[in-house]
$ cat structure_0.cif   # mmCIF, C-alpha atoms
data_model
#
loop_
_atom_site.label_atom_id
_atom_site.label_comp_id
_atom_site.auth_asym_id
_atom_site.auth_seq_id
_atom_site.Cartn_x
_atom_site.Cartn_y
_atom_site.Cartn_z
CA MET W 158 -150.60 95.90 -159.04
CA PRO W 159 -151.77 99.21 -160.59
CA ARG W 160 -150.17 100.24 -163.86
CA GLY W 161 -148.11 103.40 -163.54
CA LYS W 162 -146.73 102.30 -160.16
CA ARG W 163 -143.00 102.68 -159.59
CA VAL W 164 -141.26 99.39 -158.81
CA ALA W 165 -137.82 99.63 -157.21
CA PHE W 166 -135.75 97.19 -155.15
CA ALA W 167 -132.24 95.83 -154.77
CA VAL W 168 -130.54 92.69 -153.50
CA PRO W 169 -127.98 93.49 -150.77
CA GLN W 170 -124.31 92.89 -151.46
CA GLY W 171 -123.39 89.39 -150.28
CA GLY W 172 -127.02 88.24 -150.24
CA VAL W 173 -127.85 84.54 -150.68
CA ARG W 174 -131.09 83.19 -152.09
CA ARG W 175 -132.68 80.66 -149.73
CA CYS W 176 -135.22 77.88 -150.29
CA VAL W 177 -138.77 79.07 -149.53
CA GLY W 178 -139.90 75.67 -148.15
CA ALA W 179 -143.06 73.81 -149.08
CA ARG W 180 -146.74 73.74 -148.15
CA GLY W 181 -146.44 76.33 -145.42
CA HIS W 182 -143.33 74.85 -143.84
CA VAL W 183 -139.90 76.47 -143.85
CA CYS W 184 -136.98 74.61 -145.37
CA PRO W 185 -135.32 72.75 -142.44
CA VAL W 186 -131.80 73.50 -143.72
CA ARG W 187 -132.50 76.92 -145.33
CA ALA W 188 -130.75 75.60 -148.41
CA ALA W 189 -129.20 77.98 -150.92
CA VAL W 190 -130.94 77.86 -154.33
CA PRO W 191 -129.86 79.11 -157.79
CA GLY W 192 -130.69 82.68 -158.78
CA ARG W 193 -132.17 81.60 -162.12
CA SER W 194 -134.65 79.11 -160.63
CA THR W 195 -138.31 80.17 -160.71
CA GLY W 196 -139.26 77.57 -158.09
CA ALA W 197 -136.89 78.84 -155.34
CA ARG W 198 -136.98 75.41 -153.67
CA CYS W 199 -134.32 72.86 -152.89
CA GLU W 200 -134.74 69.34 -154.25
CA GLU W 201 -136.36 67.95 -151.09
CA CYS W 202 -138.84 70.82 -150.66
CA ALA W 203 -139.75 70.72 -154.36
CA ARG W 204 -140.54 67.02 -154.03
CA LEU W 205 -142.72 67.67 -150.98
CA ASP W 206 -144.52 70.57 -152.68
CA ARG W 207 -145.54 68.36 -155.62
CA ALA W 208 -146.36 65.25 -153.57
CA HIS W 209 -150.10 65.98 -153.57
CA SER W 210 -150.65 67.95 -156.72
CA VAL W 211 -153.08 67.84 -159.62
CA ALA W 212 -150.48 69.52 -161.83
CA ALA W 213 -147.96 66.79 -161.03
CA ASP W 214 -150.56 64.08 -161.68
CA THR W 215 -150.25 62.67 -158.15
CA ILE W 216 -154.01 62.91 -157.43
CA ALA W 217 -156.44 60.63 -159.22
CA ASP W 218 -159.45 60.69 -156.88
CA ASP W 219 -160.20 64.42 -156.61
CA PRO W 220 -164.04 64.59 -156.59
CA ARG W 221 -164.23 68.22 -157.77
CA PRO W 222 -165.40 69.01 -161.32
CA TYR W 223 -162.74 70.23 -163.73
CA ARG W 224 -162.68 72.27 -166.88
CA VAL W 225 -160.52 71.70 -169.94
CA TYR W 226 -159.39 74.90 -171.64
CA LEU W 227 -157.55 76.10 -174.73
CA ALA W 228 -155.18 78.99 -174.04
CA TRP W 229 -153.49 81.21 -176.64
CA PHE W 230 -150.27 83.12 -175.94
CA GLY W 231 -149.34 84.32 -179.43
CA PRO W 232 -149.32 83.17 -183.07
CA GLY W 233 -148.89 79.39 -183.18
CA MET W 234 -148.88 79.11 -179.38
CA VAL W 235 -152.04 77.31 -178.21
CA LYS W 236 -152.00 74.85 -175.31
CA VAL W 237 -154.54 72.60 -173.63
CA GLY W 238 -154.88 72.47 -169.85
CA ILE W 239 -157.24 71.77 -166.97
CA THR W 240 -158.34 73.68 -163.90
CA ALA W 241 -160.87 73.13 -161.11
CA VAL W 242 -164.25 74.72 -161.88
CA GLU W 243 -164.21 76.53 -158.53
CA ARG W 244 -161.10 78.48 -159.58
CA GLY W 245 -162.82 80.13 -162.54
CA PRO W 246 -160.35 81.83 -164.93
CA ALA W 247 -157.65 82.32 -162.26
CA ARG W 248 -155.39 79.66 -163.76
CA LEU W 249 -155.47 81.40 -167.15
CA LEU W 250 -154.55 84.75 -165.60
CA GLU W 251 -151.73 83.10 -163.64
CA GLN W 252 -150.23 81.68 -166.84
CA GLY W 253 -150.46 84.94 -168.76
CA ALA W 254 -152.89 83.56 -171.35
CA VAL W 255 -153.63 86.34 -173.84
CA CYS W 256 -156.99 84.72 -174.63
CA PHE W 257 -158.73 81.43 -173.91
CA SER W 258 -161.92 79.39 -174.20
CA TRP W 259 -163.34 76.56 -172.14
CA LEU W 260 -163.52 73.26 -174.01
CA GLY W 261 -165.39 70.93 -171.64
CA THR W 262 -166.36 70.19 -168.02
CA GLY W 263 -166.33 66.91 -166.13
CA PRO W 264 -164.49 64.66 -163.64
CA LEU W 265 -160.73 64.99 -163.23
CA MET W 266 -159.79 61.80 -165.07
CA ALA W 267 -162.10 62.62 -167.99
CA ALA W 268 -160.43 66.02 -168.22
CA ARG W 269 -157.02 64.34 -168.20
CA ARG W 270 -158.10 61.94 -170.98
CA THR W 271 -159.24 64.90 -173.05
CA GLU W 272 -155.86 66.57 -172.60
CA GLU W 273 -154.15 63.42 -173.81
CA LEU W 274 -156.60 63.08 -176.74
CA LEU W 275 -155.73 66.57 -177.98
CA ARG W 276 -152.00 65.95 -177.58
CA ALA W 277 -152.17 62.69 -179.51
CA ALA W 278 -154.71 63.56 -182.21
CA LEU W 279 -154.04 67.27 -182.78
CA ARG W 280 -150.48 67.66 -181.41
CA VAL W 281 -151.60 70.34 -178.96
CA PRO W 282 -149.01 70.82 -176.17
CA ASP W 283 -149.92 71.10 -172.50
CA ARG W 284 -147.00 73.44 -171.78
CA ILE W 285 -145.46 76.48 -173.47
CA PRO W 286 -142.22 77.89 -172.02
CA TYR W 287 -142.50 81.35 -170.47
CA ALA W 288 -139.57 82.59 -172.54
CA GLU W 289 -141.56 81.94 -175.71
CA LYS W 290 -144.66 83.64 -174.31
CA ARG W 291 -142.71 86.77 -173.37
CA ALA W 292 -140.92 87.11 -176.68
CA VAL W 293 -144.15 87.53 -178.69
CA ARG W 294 -146.19 89.79 -176.38
CA SER W 295 -145.01 92.97 -178.06
CA ALA W 296 -146.06 91.77 -181.52
CA LEU W 297 -149.57 90.40 -180.93
CA PRO W 298 -152.34 90.80 -183.54
CA GLY W 299 -154.19 94.07 -183.02
CA THR W 300 -157.80 92.89 -182.77
CA GLU W 301 -159.64 90.44 -180.54
CA ALA W 302 -160.97 88.60 -183.59
CA GLU W 303 -157.45 87.99 -184.90
CA ARG W 304 -156.23 86.83 -181.50
CA ALA W 305 -159.21 84.47 -181.10
CA ALA W 306 -158.95 82.86 -184.55
CA GLU W 307 -156.60 80.00 -183.64
CA VAL W 308 -158.59 79.15 -180.50
CA ARG W 309 -161.86 79.02 -182.44
CA GLU W 310 -160.37 76.83 -185.15
CA LEU W 311 -158.79 74.40 -182.68
CA HIS W 312 -161.95 74.30 -180.53
CA ALA W 313 -163.99 73.17 -183.56
CA ARG W 314 -161.48 70.45 -184.40
CA ALA W 315 -161.30 69.27 -180.79
CA VAL W 316 -165.05 68.81 -180.19
CA ALA W 317 -165.29 66.88 -183.49
CA LEU W 318 -162.74 64.26 -182.41
CA ALA W 319 -163.75 60.65 -181.96
CA GLY W 320 -162.99 59.23 -178.53
CA TRP W 321 -164.27 62.23 -176.56
CA PRO W 322 -164.89 61.05 -172.95
CA GLU W 323 -168.63 60.53 -172.36
CA SER W 324 -168.46 62.08 -168.89
CA LEU W 325 -166.97 65.34 -170.21
CA ARG W 326 -169.60 67.90 -171.24
CA PRO W 327 -168.47 70.02 -174.21
CA GLU W 328 -168.52 73.79 -173.70
CA PRO W 329 -169.28 76.32 -176.46
CA CYS W 330 -166.40 78.35 -177.85
CA GLU W 331 -166.52 81.72 -176.07
CA VAL W 332 -163.13 83.38 -176.25
CA ALA W 333 -162.13 85.70 -173.40
CA ASP W 334 -159.40 88.25 -174.20
CA HIS W 335 -156.92 89.49 -171.56
CA VAL W 336 -154.97 92.13 -173.50
CA GLU W 337 -156.62 95.03 -171.67
CA VAL W 338 -156.61 93.15 -168.35
CA PHE W 339 -152.83 92.73 -168.61
CA GLY W 340 -152.21 96.20 -170.08
CA LEU W 341 -150.42 94.80 -173.13
CA GLY W 342 -149.87 97.20 -176.00
CA ALA W 343 -150.43 100.31 -173.87
CA GLY W 344 -146.81 100.88 -172.85
CA PRO W 345 -143.37 100.65 -174.49
CA GLU W 346 -142.31 97.47 -176.25
CA ALA W 347 -140.46 94.87 -174.18
CA PHE W 348 -136.89 94.32 -175.37
CA GLY W 349 -135.80 91.52 -173.02
CA GLU W 350 -136.23 89.58 -169.78
CA VAL W 351 -134.36 89.48 -166.48
CA THR W 352 -132.58 86.14 -166.24
CA GLY W 353 -132.00 86.25 -162.49
CA LEU W 354 -131.38 88.50 -159.52
CA VAL W 355 -127.81 88.98 -158.27
CA PRO W 356 -126.39 90.50 -155.07
CA GLY W 357 -125.47 94.15 -155.19
CA LYS W 358 -127.78 94.94 -158.10
CA GLY W 359 -131.28 96.38 -158.43
CA VAL W 360 -134.04 97.68 -160.68
CA ARG W 361 -136.21 100.77 -160.86
CA GLY W 362 -138.95 101.30 -163.43
CA GLU W 363 -142.58 102.12 -164.13
CA LEU W 364 -145.04 99.23 -164.24
CA VAL W 365 -146.71 99.26 -167.66
CA ALA W 366 -148.16 95.72 -167.86
CA VAL W 367 -148.65 92.59 -165.74
CA ALA W 368 -149.15 89.20 -167.42
CA GLY W 369 -149.21 86.19 -165.13
CA PRO W 370 -146.06 86.34 -162.97
CA ASP W 371 -144.40 88.86 -165.30
CA LEU W 372 -143.98 92.56 -164.58
CA HIS W 373 -143.27 94.75 -167.62
CA LEU W 374 -141.15 97.64 -166.33
CA ALA W 375 -140.40 100.70 -168.44
CA VAL W 376 -136.73 101.64 -168.02
CA ALA W 377 -134.98 104.75 -169.24
CA GLY W 378 -134.32 104.97 -172.96
CA ARG W 379 -134.80 101.31 -173.89
CA GLY W 380 -138.43 100.31 -173.60
CA ALA W 381 -139.62 97.72 -171.09
CA VAL W 382 -137.86 94.83 -169.40
CA VAL W 383 -139.82 91.78 -168.24
CA LEU W 384 -139.28 90.61 -164.66
CA ASP W 385 -140.66 87.24 -163.58
CA THR W 386 -141.69 87.80 -159.95
CA ARG W 387 -140.94 84.15 -159.17
CA LEU W 388 -137.24 85.08 -159.45
CA MET W 389 -137.69 87.41 -156.45
CA THR W 390 -138.74 84.77 -153.91
CA GLY W 391 -136.07 83.59 -151.49
CA TRP W 392 -134.05 86.81 -151.68
CA GLU W 393 -133.78 89.57 -149.11
CA LEU W 394 -134.95 92.69 -150.97
CA LEU W 395 -134.17 96.26 -149.96
CA PRO W 396 -135.02 99.75 -151.24
CA PRO W 397 -132.39 100.68 -153.82
CA GLU W 398 -129.90 103.34 -152.79
CA SER W 399 -128.07 104.06 -156.01
CA VAL W 400 -130.08 102.42 -158.81
CA ALA W 401 -131.16 105.03 -161.36
CA VAL W 402 -134.20 104.39 -163.54
CA GLY W 403 -133.15 101.17 -165.23
CA CYS W 404 -132.25 97.53 -164.61
CA ALA W 405 -128.84 96.45 -163.30
CA PHE W 406 -129.79 92.75 -163.22
CA PRO W 407 -128.65 90.59 -166.17
CA VAL W 408 -131.09 90.79 -169.08
CA ARG W 409 -131.48 88.48 -172.08
CA GLU W 410 -132.73 90.40 -175.09
CA PHE W 411 -135.49 88.92 -177.22
CA ARG W 412 -134.20 87.76 -180.58
CA ARG W 413 -135.54 89.80 -183.47
CA GLU W 414 -135.38 89.38 -187.23
CA PRO W 415 -135.83 92.17 -189.77
CA ASP W 416 -139.42 91.14 -190.49
CA GLY W 417 -140.42 90.70 -186.83
CA LEU W 418 -139.95 88.21 -184.02
CA PHE W 419 -137.97 85.01 -184.65
#
$ encode --input "structure_0.cif" --output "structure tokens"
Amino acid sequence: MPRGKRVAFAVPQGGVRRCVGARGHVCPVRAAVPGRSTGARCEECARLDRAHSVAADTIADDPRPYRVYLAWFGPGMVKVGITAVERGPARLLEQGAVCFSWLGTGPLMAARRTEELLRAALRVPDRIPYAEKRAVRSALPGTEAERAAEVRELHARAVALAGWPESLRPEPCEVADHVEVFGLGAGPEAFGEVTGLVPGKGVRGELVAVAGPDLHLAVAGRGAVVLDTRLMTGWELLPPESVAVGCAFPVREFRREPDGLF
């Protein structure tokens, strides 16, 4: 979505969020799902959606080559993950990784063993909650070198570990930075995140940044609010009739301390 675009929609009064189904199939009961859920699936459809999934560790015989990566989302927030080589950096863009580097390439199970090695030996997580990612985006280091420092340091420690799978080929540390791709730092500072859509409410704002599923929308007088687009699925959305520039959905403000975030 182009930055500068106006984003505006509302949920009709009395609207109900419905399960989006799984793997191209509609939910057979059109089950109602919670407004705060990012999955927008009922329990049965969620189980079906993850029944044949690399992310859920239900596939062990995928013949495609995989890459292990290190992704950085903010100070002290580095995770390890894997993605199919054919997907390129798409997975990193989807997660909102501020910068990243490949760590190694090889078969799926070798990539999984490397993930586990880093978790056990270096205490590197394989997940970072979105709420934590969002809260630090407005206070990122100003230069690419500063943002890349933790990835470079962890990459060096990782490739030096004993027990590295023989079938995984190490990759050199080449850090890619997504700050300009996402548009971070160019618009007003984000003050909080939408916690869920509710009937009878809406939002109208200018798109100033897009990081993974998150839209940063400038709203009148306050800065930017972060809207996770996954919260929109399953709702009927309409053009707003009475929403001024601003956000009428519930918003959780990011916690600040006098000397910065947290």
$ residues_near_point --input "structure_0.cif" --point "(-146.3, 87.8, -160.7)" --cutoff "10 Å" --atoms "all atoms listed in the file" --output "ChimeraX atom specification"
/W:158,251-253,367-372,384-389
$ closest_residue --input "structure_0.cif" --among "W:Val336, W:Val168, W:Ala267, W:Val235" --to "Ser324 of chain W" --atoms "only C-alpha atoms"
W:Ala267
$ closest_residue --input "structure_0.cif" --among "W:Gly192, W:Gly171, W:Gly362, W:Pro327" --to "Thr271 of chain W" --atoms "all atoms listed in the file"
W:Pro327
$ resolve_selection --input "structure_0.cif" --expression "the PyMOL selection byres ((chain W and resi 405) around 8)" --output "mmCIF file with C-alpha atoms, in the coordinates of the input"
data_model
loop_
_atom_site.group_PDB
_atom_site.id
_atom_site.type_symbol
_atom_site.label_atom_id
_atom_site.label_comp_id
_atom_site.auth_asym_id
_atom_site.auth_seq_id
_atom_site.Cartn_x
_atom_site.Cartn_y
_atom_site.Cartn_z
ATOM 1 C CA LYS W 358 -127.780 94.940 -158.100
ATOM 2 C CA GLY W 359 -131.280 96.380 -158.430
ATOM 3 C CA VAL W 360 -134.040 97.680 -160.680
ATOM 4 C CA VAL W 400 -130.080 102.420 -158.810
ATOM 5 C CA GLY W 403 -133.150 101.170 -165.230
ATOM 6 C CA CYS W 404 -132.250 97.530 -164.610
ATOM 7 C CA PHE W 406 -129.790 92.750 -163.220
ATOM 8 C CA PRO W 407 -128.650 90.590 -166.170
#
$ atom_distance --input "structure_0.cif" --atom1 "atom CA of Ala208 of chain W" --atom2 "atom CA of Gly178 of chain W"
13.4 Å
$ closest_residue --input "structure_0.cif" --among "W:His182, W:Arg269, W:Arg224, W:Arg280" --to "Leu249 of chain W" --atoms "only C-alpha atoms"
W:Arg224
$ atom_distance --input "structure_0.cif" --atom1 "atom CA of Leu275 of chain W" --atom2 "atom CA of Thr262 of chain W"
15.0 Å
$ closest_residue --input "structure_0.cif" --among "W:Ser295, W:Thr300, W:Thr195, W:Thr240" --to "His373 of chain W" --atoms "all atoms listed in the file"
W:Ser295
$ resolve_selection --input "structure_0.cif" --expression "the PyMOL selection byres ((chain W and resi 345) around 6)" --output "list in words"
Gly344, Glu346, Gly380 and Ala381 of chain W
$ residues_near_point --input "structure_0.cif" --point "(-161.6, 91.4, -180.0)" --cutoff "12 Å" --atoms "all atoms listed in the file" --output "number ranges by chain"
W: 255-256, 298-306, 331-337
$ closest_atom_pairs --input "structure_0.cif" --of "segment 315-417 of chain W" --to "segment 186-191 of chain W" --cutoff "12 Å" --atoms "only C-alpha atoms" --output "JSON lines"
{"residue": "W:Thr352", "atom": "CA", "partner": "W:Pro191", "partner_atom": "CA", "distance": 11.3}
{"residue": "W:Gly353", "atom": "CA", "partner": "W:Pro191", "partner_atom": "CA", "distance": 8.8}
{"residue": "W:Leu354", "atom": "CA", "partner": "W:Pro191", "partner_atom": "CA", "distance": 9.7}
{"residue": "W:Val355", "atom": "CA", "partner": "W:Pro191", "partner_atom": "CA", "distance": 10.1}
{"residue": "W:Leu388", "atom": "CA", "partner": "W:Pro191", "partner_atom": "CA", "distance": 9.6}
{"residue": "W:Met389", "atom": "CA", "partner": "W:Pro191", "partner_atom": "CA", "distance": 11.5}
{"residue": "W:Thr390", "atom": "CA", "partner": "W:Val190", "partner_atom": "CA", "distance": 10.4}
{"residue": "W:Gly391", "atom": "CA", "partner": "W:Val190", "partner_atom": "CA", "distance": 8.2}
{"residue": "W:Trp392", "atom": "CA", "partner": "W:Val190", "partner_atom": "CA", "distance": 9.8}
$ closest_residue --input "structure_0.cif" --among "W:Arg412, W:Arg379, W:Arg244, W:Arg270" --to "Trp321 of chain W" --atoms "all atoms listed in the file"
W:Arg270
$ residues_around --input "structure_0.cif" --residues "Lys162 of chain W" --least-positions-apart "2" --cutoff "10 Å" --atoms "all atoms listed in the file" --output "list in words"
Met158, Pro159, Arg160, Val164, Ala165, Gly362, Glu363, Leu364, Val365 and Leu374 of chain W
$ residues_around --input "structure_0.cif" --residues "segment 231-234 of chain W" --least-positions-apart "6" --cutoff "9 Å" --atoms "only C-alpha atoms" --output "PyMOL selection string"
chain W and resi 254-255+282+285+289-290+293-294+296-298+304+307
$ resolve_selection --input "structure_0.cif" --expression "the PyMOL selection byres ((chain W and resi 222) around 12)" --output "list in words"
Asp218, Asp219, Pro220, Arg221, Tyr223, Arg224, Val225, Ile239, Thr240, Ala241, Val242, Glu243, Arg244, Gly245, Gly261, Thr262, Gly263, Pro264, Leu265, Met266, Ala267, Ala268, Arg269, Ser324, Leu325 and Arg326 of chain W
$ closest_residue --input "structure_0.cif" --among "W:Ala313, W:Ala203, W:Cys330, W:Val183" --to "Phe257 of chain W" --atoms "all atoms listed in the file"
W:Cys330
$ decode --input "structure_0.cif" --residues "segment 265-354 of chain W" --atoms "C-alpha atoms" --output "PDB file, in the first residue's frame"
ATOM      1  CA  LEU W 265      14.350 -28.778   6.483  1.00  0.00           C
ATOM      2  CA  MET W 266      15.360 -30.972   9.412  1.00  0.00           C
ATOM      3  CA  ALA W 267      18.902 -29.557   9.439  1.00  0.00           C
ATOM      4  CA  ALA W 268      17.393 -26.075   9.558  1.00  0.00           C
ATOM      5  CA  ARG W 269      15.161 -27.142  12.448  1.00  0.00           C
ATOM      6  CA  ARG W 270      18.155 -28.587  14.335  1.00  0.00           C
ATOM      7  CA  THR W 271      19.993 -25.300  13.881  1.00  0.00           C
ATOM      8  CA  GLU W 272      17.023 -23.400  15.310  1.00  0.00           C
ATOM      9  CA  GLU W 273      17.057 -25.669  18.340  1.00  0.00           C
ATOM     10  CA  LEU W 274      20.856 -25.344  18.690  1.00  0.00           C
ATOM     11  CA  LEU W 275      20.603 -21.554  18.885  1.00  0.00           C
ATOM     12  CA  ARG W 276      17.730 -21.714  21.369  1.00  0.00           C
ATOM     13  CA  ALA W 277      19.618 -24.116  23.629  1.00  0.00           C
ATOM     14  CA  ALA W 278      23.163 -22.754  23.350  1.00  0.00           C
ATOM     15  CA  LEU W 279      22.570 -19.017  22.893  1.00  0.00           C
ATOM     16  CA  ARG W 280      19.023 -18.601  24.292  1.00  0.00           C
ATOM     17  CA  VAL W 281      17.792 -17.110  21.022  1.00  0.00           C
ATOM     18  CA  PRO W 282      13.962 -17.233  20.812  1.00  0.00           C
ATOM     19  CA  ASP W 283      12.075 -18.359  17.720  1.00  0.00           C
ATOM     20  CA  ARG W 284       9.162 -16.004  18.436  1.00  0.00           C
ATOM     21  CA  ILE W 285       8.797 -12.374  19.523  1.00  0.00           C
ATOM     22  CA  PRO W 286       5.287 -11.082  20.308  1.00  0.00           C
ATOM     23  CA  TYR W 287       3.966  -8.439  17.920  1.00  0.00           C
ATOM     24  CA  ALA W 288       3.098  -6.144  20.826  1.00  0.00           C
ATOM     25  CA  GLU W 289       6.785  -5.970  21.746  1.00  0.00           C
ATOM     26  CA  LYS W 290       7.823  -5.316  18.145  1.00  0.00           C
ATOM     27  CA  ARG W 291       5.353  -2.443  17.784  1.00  0.00           C
ATOM     28  CA  ALA W 292       6.278  -0.739  21.024  1.00  0.00           C
ATOM     29  CA  VAL W 293       9.910  -0.141  19.977  1.00  0.00           C
ATOM     30  CA  ARG W 294       9.490   0.870  16.323  1.00  0.00           C
ATOM     31  CA  SER W 295       9.359   4.568  17.111  1.00  0.00           C
ATOM     32  CA  ALA W 296      12.636   4.472  19.056  1.00  0.00           C
ATOM     33  CA  LEU W 297      14.939   2.491  16.761  1.00  0.00           C
ATOM     34  CA  PRO W 298      18.657   3.337  16.422  1.00  0.00           C
ATOM     35  CA  GLY W 299      19.188   5.923  13.703  1.00  0.00           C
ATOM     36  CA  THR W 300      21.772   4.215  11.502  1.00  0.00           C
ATOM     37  CA  GLU W 301      21.905   0.910   9.643  1.00  0.00           C
ATOM     38  CA  ALA W 302      25.196   0.044  11.354  1.00  0.00           C
ATOM     39  CA  GLU W 303      23.640   0.446  14.797  1.00  0.00           C
ATOM     40  CA  ARG W 304      20.608  -1.612  13.830  1.00  0.00           C
ATOM     41  CA  ALA W 305      22.787  -4.376  12.361  1.00  0.00           C
ATOM     42  CA  ALA W 306      25.181  -4.659  15.321  1.00  0.00           C
ATOM     43  CA  GLU W 307      23.262  -7.288  17.318  1.00  0.00           C
ATOM     44  CA  VAL W 308      22.657  -9.437  14.227  1.00  0.00           C
ATOM     45  CA  ARG W 309      26.350  -9.375  13.309  1.00  0.00           C
ATOM     46  CA  GLU W 310      27.428 -10.269  16.832  1.00  0.00           C
ATOM     47  CA  LEU W 311      24.939 -13.130  17.134  1.00  0.00           C
ATOM     48  CA  HIS W 312      25.759 -14.418  13.635  1.00  0.00           C
ATOM     49  CA  ALA W 313      29.444 -14.735  14.598  1.00  0.00           C
ATOM     50  CA  ARG W 314      28.587 -16.612  17.791  1.00  0.00           C
ATOM     51  CA  ALA W 315      26.155 -18.912  15.979  1.00  0.00           C
ATOM     52  CA  VAL W 316      28.501 -20.091  13.205  1.00  0.00           C
ATOM     53  CA  ALA W 317      31.182 -20.793  15.839  1.00  0.00           C
ATOM     54  CA  LEU W 318      28.975 -23.227  17.776  1.00  0.00           C
ATOM     55  CA  ALA W 319      29.887 -26.875  18.046  1.00  0.00           C
ATOM     56  CA  GLY W 320      27.192 -29.254  16.837  1.00  0.00           C
ATOM     57  CA  TRP W 321      26.364 -27.326  13.656  1.00  0.00           C
ATOM     58  CA  PRO W 322      24.507 -29.741  11.300  1.00  0.00           C
ATOM     59  CA  GLU W 323      26.856 -30.975   8.552  1.00  0.00           C
ATOM     60  CA  SER W 324      24.157 -30.685   5.890  1.00  0.00           C
ATOM     61  CA  LEU W 325      23.540 -26.992   6.634  1.00  0.00           C
ATOM     62  CA  ARG W 326      25.789 -24.653   4.627  1.00  0.00           C
ATOM     63  CA  PRO W 327      26.714 -21.503   6.590  1.00  0.00           C
ATOM     64  CA  GLU W 328      25.884 -18.189   4.926  1.00  0.00           C
ATOM     65  CA  PRO W 329      27.974 -15.012   5.322  1.00  0.00           C
ATOM     66  CA  CYS W 330      26.574 -12.223   7.479  1.00  0.00           C
ATOM     67  CA  GLU W 331      24.988  -9.722   5.081  1.00  0.00           C
ATOM     68  CA  VAL W 332      22.448  -7.615   6.937  1.00  0.00           C
ATOM     69  CA  ALA W 333      19.468  -6.284   4.966  1.00  0.00           C
ATOM     70  CA  ASP W 334      17.706  -3.250   6.458  1.00  0.00           C
ATOM     71  CA  HIS W 335      13.960  -2.626   6.012  1.00  0.00           C
ATOM     72  CA  VAL W 336      13.515   0.767   7.682  1.00  0.00           C
ATOM     73  CA  GLU W 337      13.060   2.596   4.378  1.00  0.00           C
ATOM     74  CA  VAL W 338      11.039  -0.272   2.883  1.00  0.00           C
ATOM     75  CA  PHE W 339       8.561  -0.019   5.763  1.00  0.00           C
ATOM     76  CA  GLY W 340       8.650   3.787   5.939  1.00  0.00           C
ATOM     77  CA  LEU W 341       9.634   3.797   9.618  1.00  0.00           C
ATOM     78  CA  GLY W 342      10.866   7.083  11.014  1.00  0.00           C
ATOM     79  CA  ALA W 343       9.394   9.162   8.188  1.00  0.00           C
ATOM     80  CA  GLY W 344       6.018   9.878   9.798  1.00  0.00           C
ATOM     81  CA  PRO W 345       4.702  10.730  13.268  1.00  0.00           C
ATOM     82  CA  GLU W 346       5.572   8.527  16.229  1.00  0.00           C
ATOM     83  CA  ALA W 347       3.177   5.684  17.043  1.00  0.00           C
ATOM     84  CA  PHE W 348       1.506   6.106  20.433  1.00  0.00           C
ATOM     85  CA  GLY W 349      -0.498   2.863  20.613  1.00  0.00           C
ATOM     86  CA  GLU W 350      -2.131  -0.109  18.900  1.00  0.00           C
ATOM     87  CA  VAL W 351      -5.710  -1.050  18.067  1.00  0.00           C
ATOM     88  CA  THR W 352      -6.707  -3.975  20.273  1.00  0.00           C
ATOM     89  CA  GLY W 353      -9.691  -5.065  18.199  1.00  0.00           C
ATOM     90  CA  LEU W 354     -12.476  -3.892  15.928  1.00  0.00           C
TER      91      LEU W 354
END
